file coords32.tsv (TSV, C-alpha atoms)
chain	number	residue	atom	x	y	z
A	1	ASN	CA	74.70	58.70	-18.18
A	2	ASP	CA	72.40	61.62	-17.35
A	3	ASP	CA	73.03	63.21	-20.75
A	4	ASN	CA	71.25	60.30	-22.40
A	5	GLY	CA	67.92	61.11	-20.71
A	6	PRO	CA	65.11	63.32	-21.98
A	7	PRO	CA	65.85	67.08	-21.93
A	8	ALA	CA	63.57	67.74	-18.94
A	9	LYS	CA	65.36	65.10	-16.89
A	10	ARG	CA	68.80	66.37	-17.86
A	11	ARG	CA	67.79	69.90	-16.86
A	12	ILE	CA	66.55	68.79	-13.43
A	13	ILE	CA	69.67	66.73	-12.70
A	14	ALA	CA	72.13	69.26	-14.13
A	15	ARG	CA	70.77	72.10	-12.03
A	16	SER	CA	70.78	70.12	-8.79
A	17	THR	CA	73.25	71.31	-6.17
A	18	ASN	CA	73.78	70.08	-2.62
A	19	SER	CA	70.75	67.76	-2.78
A	20	ALA	CA	68.49	70.60	-3.97
A	21	LEU	CA	66.60	70.00	-7.20
A	22	SER	CA	66.53	72.30	-10.18
A	23	GLY	CA	64.33	75.35	-10.04
A	24	VAL	CA	64.35	75.58	-6.23
A	25	ILE	CA	65.41	79.13	-5.43
A	26	PRO	CA	65.48	81.20	-2.20
A	27	ALA	CA	62.09	82.54	-1.17
A	28	LYS	CA	63.24	86.14	-1.59
A	29	HIS	CA	63.33	85.72	-5.38
A	30	HIS	CA	60.35	86.30	-7.63
A	31	ASN	CA	57.91	83.39	-7.60
A	32	VAL	CA	57.13	82.34	-11.16
A	33	VAL	CA	54.40	79.97	-9.95
A	34	ASP	CA	51.10	81.87	-9.90
A	35	ALA	CA	47.59	81.12	-8.64
A	36	ILE	CA	46.61	79.51	-11.94
A	37	CYS	CA	49.45	76.99	-11.63
A	38	ARG	CA	48.47	76.13	-8.08
A	39	GLU	CA	44.80	75.76	-8.91
A	40	LYS	CA	45.50	73.46	-11.84
A	41	MET	CA	47.71	71.20	-9.74
A	42	CYS	CA	45.06	71.12	-7.04
A	43	GLU	CA	42.39	70.10	-9.55
A	44	TRP	CA	44.73	67.44	-10.92
A	45	SER	CA	45.31	66.11	-7.40
A	46	TYR	CA	41.59	65.78	-6.80
A	47	ARG	CA	41.20	63.87	-10.07
A	48	VAL	CA	43.99	61.49	-9.05
A	49	VAL	CA	42.52	60.70	-5.61
A	50	ASP	CA	39.04	60.30	-7.12
A	51	HIS	CA	40.43	57.84	-9.65
A	52	PHE	CA	42.06	55.73	-6.94
A	53	HIS	CA	39.09	56.08	-4.54
A	54	VAL	CA	41.22	57.85	-1.94
A	55	SER	CA	39.74	60.32	0.55
A	56	ARG	CA	39.76	63.87	-0.79
A	57	GLU	CA	41.10	65.04	2.58
A	58	VAL	CA	44.47	63.69	1.40
A	59	VAL	CA	44.66	66.59	-1.09
A	60	ALA	CA	44.31	69.09	1.76
A	61	ILE	CA	47.16	67.34	3.56
A	62	SER	CA	49.24	67.27	0.38
A	63	PHE	CA	48.80	71.00	-0.16
A	64	ASN	CA	49.57	71.70	3.47
A	65	TYR	CA	52.93	70.00	2.85
A	66	LEU	CA	53.37	71.86	-0.43
A	67	TYR	CA	52.69	75.36	0.88
A	68	ARG	CA	54.84	74.85	3.94
A	69	PHE	CA	57.63	73.76	1.60
A	70	LEU	CA	57.07	76.84	-0.59
A	71	ASP	CA	57.41	79.07	2.49
A	72	SER	CA	61.14	78.38	2.41
A	73	CYS	CA	61.68	77.85	-1.31
A	74	ASN	CA	60.08	79.12	-4.46
A	75	CYS	CA	60.09	76.92	-7.54
A	76	ASP	CA	59.93	77.30	-11.26
A	77	ARG	CA	56.92	75.64	-12.84
A	78	THR	CA	58.60	72.33	-13.61
A	79	THR	CA	59.92	71.94	-10.08
A	80	PHE	CA	56.57	73.06	-8.67
A	81	LYS	CA	54.86	70.24	-10.58
A	82	LEU	CA	57.44	67.80	-9.20
A	83	ALA	CA	56.92	69.11	-5.63
A	84	ALA	CA	53.11	68.92	-5.93
A	85	THR	CA	53.32	65.40	-7.35
A	86	THR	CA	55.67	64.39	-4.54
A	87	THR	CA	53.55	65.84	-1.73
A	88	LEU	CA	50.51	63.97	-3.05
A	89	TYR	CA	52.55	60.76	-3.18
A	90	LEU	CA	53.82	61.45	0.36
A	91	ALA	CA	50.35	62.21	1.77
A	92	ILE	CA	48.91	59.04	0.23
A	93	LYS	CA	51.83	56.97	1.53
A	94	THR	CA	51.36	58.41	5.02
A	95	PHE	CA	47.57	58.29	5.38
A	96	VAL	CA	46.26	55.63	2.98
A	97	SER	CA	46.59	51.97	3.91
A	98	ARG	CA	46.55	50.80	0.29
A	99	GLU	CA	49.90	51.31	-1.41
A	100	ILE	CA	50.05	53.40	-4.57
A	101	PRO	CA	53.64	52.95	-5.72
A	102	VAL	CA	55.86	55.74	-6.92
A	103	SER	CA	55.83	54.13	-10.38
A	104	VAL	CA	52.21	55.28	-10.76
A	105	PHE	CA	53.26	58.91	-10.33
A	106	VAL	CA	56.17	58.40	-12.72
A	107	GLU	CA	53.68	57.11	-15.30
A	108	LEU	CA	51.37	60.09	-14.72
A	109	SER	CA	54.27	62.43	-15.45
A	110	LYS	CA	54.64	60.88	-18.93
A	111	GLY	CA	58.39	60.67	-18.57
A	112	GLU	CA	58.98	64.18	-17.27
A	113	PHE	CA	60.00	62.81	-13.86
A	114	ASP	CA	61.40	59.46	-12.83
A	115	ALA	CA	61.37	57.65	-9.48
A	116	GLU	CA	64.70	59.17	-8.49
A	117	HIS	CA	63.36	62.71	-8.96
A	118	ILE	CA	60.34	62.00	-6.79
A	119	THR	CA	62.27	60.24	-4.02
A	120	GLN	CA	64.93	62.95	-3.99
A	121	MET	CA	62.29	65.66	-3.79
A	122	GLU	CA	60.56	63.66	-1.04
A	123	GLY	CA	63.72	63.83	1.06
A	124	ILE	CA	64.04	67.59	0.52
A	125	ILE	CA	60.41	68.18	1.47
A	126	LEU	CA	60.63	65.99	4.56
A	127	GLN	CA	63.64	67.95	5.77
A	128	SER	CA	61.87	71.23	5.00
A	129	LEU	CA	58.83	70.10	7.03
A	130	SER	CA	61.01	68.75	9.87
A	131	TRP	CA	59.06	65.50	9.44
A	132	LEU	CA	55.88	67.11	10.80
A	133	LEU	CA	53.35	65.22	8.68
A	134	ASN	CA	50.07	65.22	10.60
A	135	PRO	CA	48.48	68.65	10.08
A	136	PRO	CA	44.95	69.45	11.23
A	137	THR	CA	42.51	69.82	8.35
A	138	ALA	CA	39.19	71.57	7.91
A	139	ALA	CA	37.61	68.20	7.12
A	140	SER	CA	38.74	66.75	10.46
A	141	PHE	CA	37.24	69.74	12.30
A	142	ILE	CA	33.98	69.32	10.36
A	143	GLY	CA	33.86	65.69	11.48
A	144	HIS	CA	34.16	66.74	15.12
A	145	LEU	CA	31.77	69.69	14.84
A	146	TYR	CA	29.19	67.41	13.23
A	147	HIS	CA	28.53	65.99	16.68
A	148	ILE	CA	27.46	69.36	18.10
A	149	LEU	CA	25.04	70.21	15.29
A	150	PRO	CA	21.56	71.01	16.64
A	151	PRO	CA	18.97	68.22	16.73
A	152	MET	CA	17.44	67.73	13.27
A	153	ASP	CA	16.43	65.07	10.79
A	154	LEU	CA	19.38	62.78	10.06
A	155	SER	CA	19.11	63.30	6.29
A	156	VAL	CA	19.34	67.07	6.76
A	157	LYS	CA	22.28	66.65	9.11
A	158	ASN	CA	24.11	64.51	6.56
A	159	THR	CA	23.35	67.06	3.85
A	160	ILE	CA	25.02	69.75	5.96
A	161	TYR	CA	28.03	67.51	6.53
A	162	GLN	CA	28.48	66.65	2.83
A	163	GLN	CA	28.08	70.24	1.66
A	164	ALA	CA	30.46	71.50	4.35
A	165	CYS	CA	33.08	68.96	3.24
A	166	PHE	CA	32.70	70.21	-0.32
A	167	PHE	CA	33.28	73.83	0.78
A	168	ALA	CA	36.38	72.63	2.66
A	169	GLU	CA	37.60	70.91	-0.52
A	170	LEU	CA	37.14	74.17	-2.45
A	171	SER	CA	39.23	76.04	0.11
A	172	VAL	CA	42.31	74.07	-0.95
A	173	LEU	CA	42.10	75.78	-4.35
A	174	ASP	CA	42.80	79.17	-2.76
A	175	SER	CA	46.28	79.71	-1.32
A	176	ILE	CA	44.93	82.28	1.14
A	177	TYR	CA	43.27	79.46	3.09
A	178	MET	CA	46.62	77.73	3.56
A	179	LYS	CA	47.40	80.44	6.15
A	180	GLU	CA	43.97	80.19	7.76
A	181	ASN	CA	43.14	78.27	10.90
A	182	PRO	CA	41.41	75.07	9.71
A	183	SER	CA	38.79	75.46	12.44
A	184	ILE	CA	37.76	78.78	10.87
A	185	ILE	CA	37.41	77.07	7.48
A	186	ALA	CA	35.36	74.28	9.07
A	187	ILE	CA	32.97	76.65	10.86
A	188	SER	CA	32.63	78.77	7.72
A	189	SER	CA	31.93	75.67	5.62
A	190	LEU	CA	29.26	74.40	8.01
A	191	LEU	CA	27.54	77.79	8.22
A	192	ASN	CA	27.55	78.08	4.42
A	193	ALA	CA	26.08	74.59	4.18
A	194	MET	CA	23.27	75.68	6.50
A	195	ASP	CA	22.43	78.66	4.29
A	196	GLY	CA	20.55	76.50	1.81
A	197	LEU	CA	18.26	74.97	4.43
A	198	ASP	CA	14.68	75.93	5.09
A	199	THR	CA	14.09	77.42	8.54
A	200	ARG	CA	11.68	74.56	9.15
A	201	ASP	CA	14.67	72.22	9.00
A	202	LEU	CA	16.99	74.47	11.03
A	203	SER	CA	15.88	77.67	12.70
A	204	TYR	CA	18.01	80.81	12.80
A	205	SER	CA	18.26	80.56	16.56
A	206	SER	CA	19.62	77.01	16.25
A	207	ARG	CA	22.20	78.20	13.74
A	208	SER	CA	23.30	80.99	16.08
A	209	LYS	CA	23.58	78.55	18.98
A	210	PHE	CA	25.72	76.20	16.86
A	211	TYR	CA	27.97	79.12	15.89
A	212	ARG	CA	28.55	80.04	19.55
A	213	ASN	CA	29.17	76.43	20.54
A	214	ALA	CA	31.59	75.89	17.64
A	215	ILE	CA	33.60	78.97	18.60
A	216	SER	CA	33.72	77.75	22.18
A	217	VAL	CA	34.77	74.13	21.56
A	218	THR	CA	37.43	75.03	18.98
A	219	GLY	CA	38.89	77.80	21.11
A	220	THR	CA	38.81	80.05	18.07
A	221	SER	CA	40.11	83.50	18.91
A	222	GLN	CA	39.29	85.16	15.60
A	223	SER	CA	36.39	87.58	15.49
A	224	ALA	CA	33.15	87.13	13.59
A	225	VAL	CA	34.63	89.35	10.87
A	226	ASN	CA	37.22	86.68	10.03
A	227	ILE	CA	34.56	84.02	9.68
A	228	ASP	CA	32.35	86.29	7.58
A	229	THR	CA	35.28	87.01	5.28
A	230	SER	CA	36.07	83.32	5.02
A	231	ARG	CA	32.43	82.50	4.25
A	232	ARG	CA	32.22	85.07	1.46
A	233	ARG	CA	35.42	83.81	-0.11
A	234	LEU	CA	34.14	80.21	-0.02
A	235	TRP	CA	30.94	81.29	-1.76
A	236	LYS	CA	33.02	82.95	-4.49
A	237	LEU	CA	34.96	79.73	-4.99
A	238	TYR	CA	31.72	77.78	-5.16
A	239	ARG	CA	30.22	80.10	-7.79
A	240	ARG	CA	33.31	79.54	-9.95
A	241	SER	CA	33.00	75.77	-9.70
A	242	LYS	CA	31.44	73.39	-12.19
A	243	GLN	CA	29.20	72.12	-9.41
A	244	PHE	CA	27.51	75.53	-9.14
A	245	VAL	CA	26.32	75.09	-12.73
A	246	VAL	CA	25.27	71.47	-12.09
A	247	HIS	CA	23.33	72.44	-8.99
A	248	HIS	CA	21.53	75.34	-10.64
A	249	GLU	CA	20.57	73.26	-13.65
A	250	MET	CA	18.71	70.76	-11.42
A	251	PRO	CA	14.91	70.74	-11.55
A	252	PRO	CA	13.47	72.63	-8.56
A	253	GLN	CA	11.91	69.47	-7.08
A	254	THR	CA	15.35	67.80	-7.04
A	255	ILE	CA	16.90	70.64	-5.06
A	256	CYS	CA	14.00	70.63	-2.62
A	257	ASP	CA	14.59	66.93	-1.99
A	258	HIS	CA	17.95	67.77	-0.33
A	259	THR	CA	20.08	66.52	-3.23
A	260	THR	CA	23.36	68.18	-2.41
A	261	VAL	CA	25.97	69.82	-4.52
A	262	THR	CA	28.46	67.25	-3.30
A	263	GLN	CA	26.23	64.32	-4.18
A	264	SER	CA	25.58	65.63	-7.68
A	265	TYR	CA	29.29	66.23	-8.18
A	266	ARG	CA	30.29	62.72	-7.13
A	267	LYS	CA	27.62	61.11	-9.26
A	268	GLU	CA	29.06	62.91	-12.24
A	269	ASP	CA	32.76	63.00	-11.54
A	270	GLY	CA	33.69	61.36	-8.29
A	271	HIS	CA	34.35	57.78	-9.43
A	272	ARG	CA	36.25	57.96	-12.67
A	273	THR	CA	36.71	54.88	-14.79
A	274	HIS	CA	39.29	56.43	-17.08
A	275	SER	CA	42.82	57.36	-16.13
A	276	PRO	CA	43.36	60.71	-14.42
A	277	VAL	CA	44.90	63.45	-16.52
A	278	SER	CA	48.68	63.46	-16.53
A	279	VAL	CA	50.57	66.01	-14.50
A	280	SER	CA	52.55	66.76	-17.66
A	281	PRO	CA	51.09	68.42	-20.75
A	282	SER	CA	50.26	66.48	-23.86
A	283	PRO	CA	52.19	67.44	-27.02
A	284	GLY	CA	51.28	71.01	-27.93
A	285	GLU	CA	49.47	71.59	-24.62
A	286	ASN	CA	50.59	73.78	-21.74
A	287	CYS	CA	49.03	72.48	-18.54
A	288	PHE	CA	49.58	75.91	-16.98
A	289	SER	CA	48.12	77.85	-19.87
A	290	ARG	CA	45.61	80.52	-18.98
call {"tool": "encode", "arguments": {"input": "coords32.tsv", "output": "structure tokens"}}
result
Amino acid sequence: NDDNGPPAKRRIIARSTNSALSGVIPAKHHNVVDAICREKMCEWSYRVVDHFHVSREVVAISFNYLYRFLDSCNCDRTTFKLAATTTLYLAIKTFVSREIPVSVFVELSKGEFDAEHITQMEGIILQSLSWLLNPPTAASFIGHLYHILPPMDLSVKNTIYQQACFFAELSVLDSIYMKENPSIIAISSLLNAMDGLDTRDLSYSSRSKFYRNAISVTGTSQSAVNIDTSRRRLWKLYRRSKQFVVHHEMPPQTICDHTTVTQSYRKEDGHRTHSPVSVSPSPGENCFSR
């Protein structure tokens, strides 16, 4: 009997109509899920994939699913958490060879959602996406553009790649980038990664040549203004990140030795030994609190 379940479960089931879960309302209505909610769920998703040693690109795929779903339906905060949890589960199931069962995500919800909620939401999302589950990502473009980087020391080249991937990861935190061409994000991320290099490692003329080649091979139609805007926004995201503090607290000789922001982040936080934070708040805690 549904009435015997916890209040949150009863609410979700009771408000379901025609296979739509509670809280899913037409897109024309006011969206009660704000940028803070989205950012917190994105951070949670990164902690989950880090804990299970899953590629962070999966989070970009998950949020691609999520934002495409939100284009047709807005959600209240509870249903948004369920949708974000489900898209992460779906992205992992689609792109990761190692199975992470739905029971893991049920456990992370601390009883707020059960397997039926997640599987039902999965069906709704799949229909909303028309089963189109292989979106291009900024990380995939960075991997391809890596091969047209100018000749340079391999360690410098790998530094550019790692830092560019980190900028791409930051872009997922900002919903504006969900509407952006992933090739633009990739080029912006690579150019930002080059900014920290000495001209002895990579001359300005080599950077300009890479920019022209990248525009050519990606068929990017946007003007330089779009890329400049994207680059500035990525730098703002970086300055808000914990890794900005970590990087700027390093001794100068460490920074000069090409220790990257991404490397320092993963040493500190990338391979967690404790359980990732639950998607649901602890007693007395609002996981969407400002």
call {"tool": "atom_distance", "arguments": {"input": "coords32.tsv", "atom1": "CA of Asn181 in chain A", "atom2": "CA of Leu154 in chain A"}}
result
28.4 Å
call {"tool": "closest_residue", "arguments": {"input": "coords32.tsv", "among": "A:Asp114, A:Asp34, A:Glu39, A:Asp174", "to": "Leu82 in chain A", "atoms": "only C-alpha atoms"}}
result
A:Asp114
call {"tool": "residues_around", "arguments": {"input": "coords32.tsv", "residues": "Ala138 in chain A", "least_positions_apart": "6", "cutoff": "7 Å", "atoms": "only C-alpha atoms", "output": "list in words"}}
result
Ala168, Pro182, Ser183, Ile185 and Ala186 of chain A
call {"tool": "axis_aligned_box", "arguments": {"input": "coords32.tsv", "around": "range 170-177 of chain A", "padding_each_side": "5 Å", "output": "lines of an AutoDock Vina configuration file"}}
result
center_x = 41.7
center_y = 78.2
center_z = -0.6
size_x = 19.1
size_y = 18.2
size_z = 17.4
call {"tool": "closest_residue", "arguments": {"input": "coords32.tsv", "among": "A:Tyr204, A:Thr86, A:Ala214, A:Glu180", "to": "Thr229 in chain A", "atoms": "only C-alpha atoms"}}
result
A:Glu180
call {"tool": "closest_residue", "arguments": {"input": "coords32.tsv", "among": "A:Pro101, A:Pro136, A:Pro151, A:Gly143", "to": "Leu88 in chain A", "atoms": "all atoms listed in the file"}}
result
A:Pro101
call {"tool": "closest_residue", "arguments": {"input": "coords32.tsv", "among": "A:Trp235, A:Phe210, A:Phe166, A:Tyr177", "to": "Tyr146 in chain A", "atoms": "only C-alpha atoms"}}
result
A:Phe210
call {"tool": "atom_distance", "arguments": {"input": "coords32.tsv", "atom1": "CA of Tyr161 in chain A", "atom2": "CA of Thr94 in chain A"}}
result
25.1 Å
call {"tool": "build_atoms", "arguments": {"input": "coords32.tsv", "residues": "range 136-147 of chain A", "atoms": "all heavy atoms", "output": "mmCIF file, in the frame of the given file"}}
result
data_model
loop_
_atom_site.group_PDB
_atom_site.id
_atom_site.type_symbol
_atom_site.label_atom_id
_atom_site.label_comp_id
_atom_site.auth_asym_id
_atom_site.auth_seq_id
_atom_site.Cartn_x
_atom_site.Cartn_y
_atom_site.Cartn_z
ATOM 1 N N PRO A 136 46.413 69.427 11.117
ATOM 2 C CA PRO A 136 44.950 69.450 11.230
ATOM 3 C C PRO A 136 44.341 69.920 9.913
ATOM 4 O O PRO A 136 44.938 70.718 9.190
ATOM 5 C CB PRO A 136 44.703 70.469 12.352
ATOM 6 C CG PRO A 136 45.900 71.372 12.310
ATOM 7 C CD PRO A 136 47.055 70.506 11.876
ATOM 8 N N THR A 137 43.196 69.412 9.584
ATOM 9 C CA THR A 137 42.510 69.820 8.350
ATOM 10 C C THR A 137 41.116 70.311 8.676
ATOM 11 O O THR A 137 40.534 69.977 9.709
ATOM 12 C CB THR A 137 42.396 68.638 7.367
ATOM 13 O OG1 THR A 137 41.551 67.627 7.947
ATOM 14 C CG2 THR A 137 43.759 68.052 7.031
ATOM 15 N N ALA A 138 40.569 71.105 7.745
ATOM 16 C CA ALA A 138 39.190 71.570 7.910
ATOM 17 C C ALA A 138 38.227 70.394 7.954
ATOM 18 O O ALA A 138 37.263 70.395 8.727
ATOM 19 C CB ALA A 138 38.829 72.524 6.774
ATOM 20 N N ALA A 139 38.491 69.373 7.151
ATOM 21 C CA ALA A 139 37.610 68.200 7.120
ATOM 22 C C ALA A 139 37.573 67.495 8.469
ATOM 23 O O ALA A 139 36.521 67.013 8.910
ATOM 24 C CB ALA A 139 38.050 67.236 6.028
ATOM 25 N N SER A 140 38.720 67.410 9.142
ATOM 26 C CA SER A 140 38.740 66.750 10.460
ATOM 27 C C SER A 140 37.949 67.564 11.473
ATOM 28 O O SER A 140 37.237 67.001 12.317
ATOM 29 C CB SER A 140 40.178 66.531 10.927
ATOM 30 O OG SER A 140 40.845 67.761 11.138
ATOM 31 N N PHE A 141 38.033 68.893 11.409
ATOM 32 C CA PHE A 141 37.240 69.740 12.300
ATOM 33 C C PHE A 141 35.744 69.588 12.001
ATOM 34 O O PHE A 141 34.919 69.555 12.919
ATOM 35 C CB PHE A 141 37.654 71.204 12.175
ATOM 36 C CG PHE A 141 38.806 71.593 13.066
ATOM 37 C CD1 PHE A 141 40.090 71.675 12.570
ATOM 38 C CD2 PHE A 141 38.596 71.875 14.408
ATOM 39 C CE1 PHE A 141 41.158 72.021 13.391
ATOM 40 C CE2 PHE A 141 39.649 72.240 15.238
ATOM 41 C CZ PHE A 141 40.937 72.301 14.728
ATOM 42 N N ILE A 142 35.396 69.501 10.715
ATOM 43 C CA ILE A 142 33.980 69.320 10.360
ATOM 44 C C ILE A 142 33.457 68.017 10.952
ATOM 45 O O ILE A 142 32.334 67.957 11.463
ATOM 46 C CB ILE A 142 33.817 69.328 8.824
ATOM 47 C CG1 ILE A 142 34.045 70.745 8.279
ATOM 48 C CG2 ILE A 142 32.426 68.829 8.409
ATOM 49 C CD1 ILE A 142 34.136 70.817 6.764
ATOM 50 N N GLY A 143 34.267 66.960 10.902
ATOM 51 C CA GLY A 143 33.860 65.690 11.480
ATOM 52 C C GLY A 143 33.580 65.786 12.965
ATOM 53 O O GLY A 143 32.634 65.166 13.479
ATOM 54 N N HIS A 144 34.385 66.572 13.681
ATOM 55 C CA HIS A 144 34.160 66.740 15.120
ATOM 56 C C HIS A 144 32.963 67.657 15.389
ATOM 57 O O HIS A 144 32.142 67.375 16.280
ATOM 58 C CB HIS A 144 35.412 67.314 15.789
ATOM 59 C CG HIS A 144 36.560 66.351 15.861
ATOM 60 N ND1 HIS A 144 36.525 65.198 16.622
ATOM 61 C CD2 HIS A 144 37.785 66.359 15.266
ATOM 62 C CE1 HIS A 144 37.661 64.539 16.493
ATOM 63 N NE2 HIS A 144 38.444 65.226 15.682
ATOM 64 N N LEU A 145 32.861 68.741 14.618
ATOM 65 C CA LEU A 145 31.770 69.690 14.840
ATOM 66 C C LEU A 145 30.418 69.110 14.445
ATOM 67 O O LEU A 145 29.377 69.586 14.920
ATOM 68 C CB LEU A 145 32.034 70.981 14.055
ATOM 69 C CG LEU A 145 33.231 71.808 14.539
ATOM 70 C CD1 LEU A 145 33.513 72.958 13.572
ATOM 71 C CD2 LEU A 145 32.979 72.349 15.950
ATOM 72 N N TYR A 146 30.428 68.107 13.604
ATOM 73 C CA TYR A 146 29.190 67.410 13.230
ATOM 74 C C TYR A 146 28.427 66.947 14.466
ATOM 75 O O TYR A 146 27.192 66.967 14.497
ATOM 76 C CB TYR A 146 29.547 66.221 12.330
ATOM 77 C CG TYR A 146 28.387 65.305 11.988
ATOM 78 C CD1 TYR A 146 27.570 65.571 10.890
ATOM 79 C CD2 TYR A 146 28.129 64.162 12.737
ATOM 80 C CE1 TYR A 146 26.511 64.725 10.559
ATOM 81 C CE2 TYR A 146 27.076 63.311 12.422
ATOM 82 C CZ TYR A 146 26.281 63.595 11.332
ATOM 83 O OH TYR A 146 25.236 62.758 11.011
ATOM 84 N N HIS A 147 29.155 66.560 15.492
ATOM 85 C CA HIS A 147 28.530 65.990 16.680
ATOM 86 C C HIS A 147 27.894 67.039 17.580
ATOM 87 O O HIS A 147 27.178 66.683 18.531
ATOM 88 C CB HIS A 147 29.560 65.177 17.469
ATOM 89 C CG HIS A 147 30.103 64.011 16.705
ATOM 90 N ND1 HIS A 147 29.353 62.887 16.429
ATOM 91 C CD2 HIS A 147 31.323 63.803 16.122
ATOM 92 C CE1 HIS A 147 30.074 62.026 15.734
ATOM 93 N NE2 HIS A 147 31.264 62.557 15.529
#
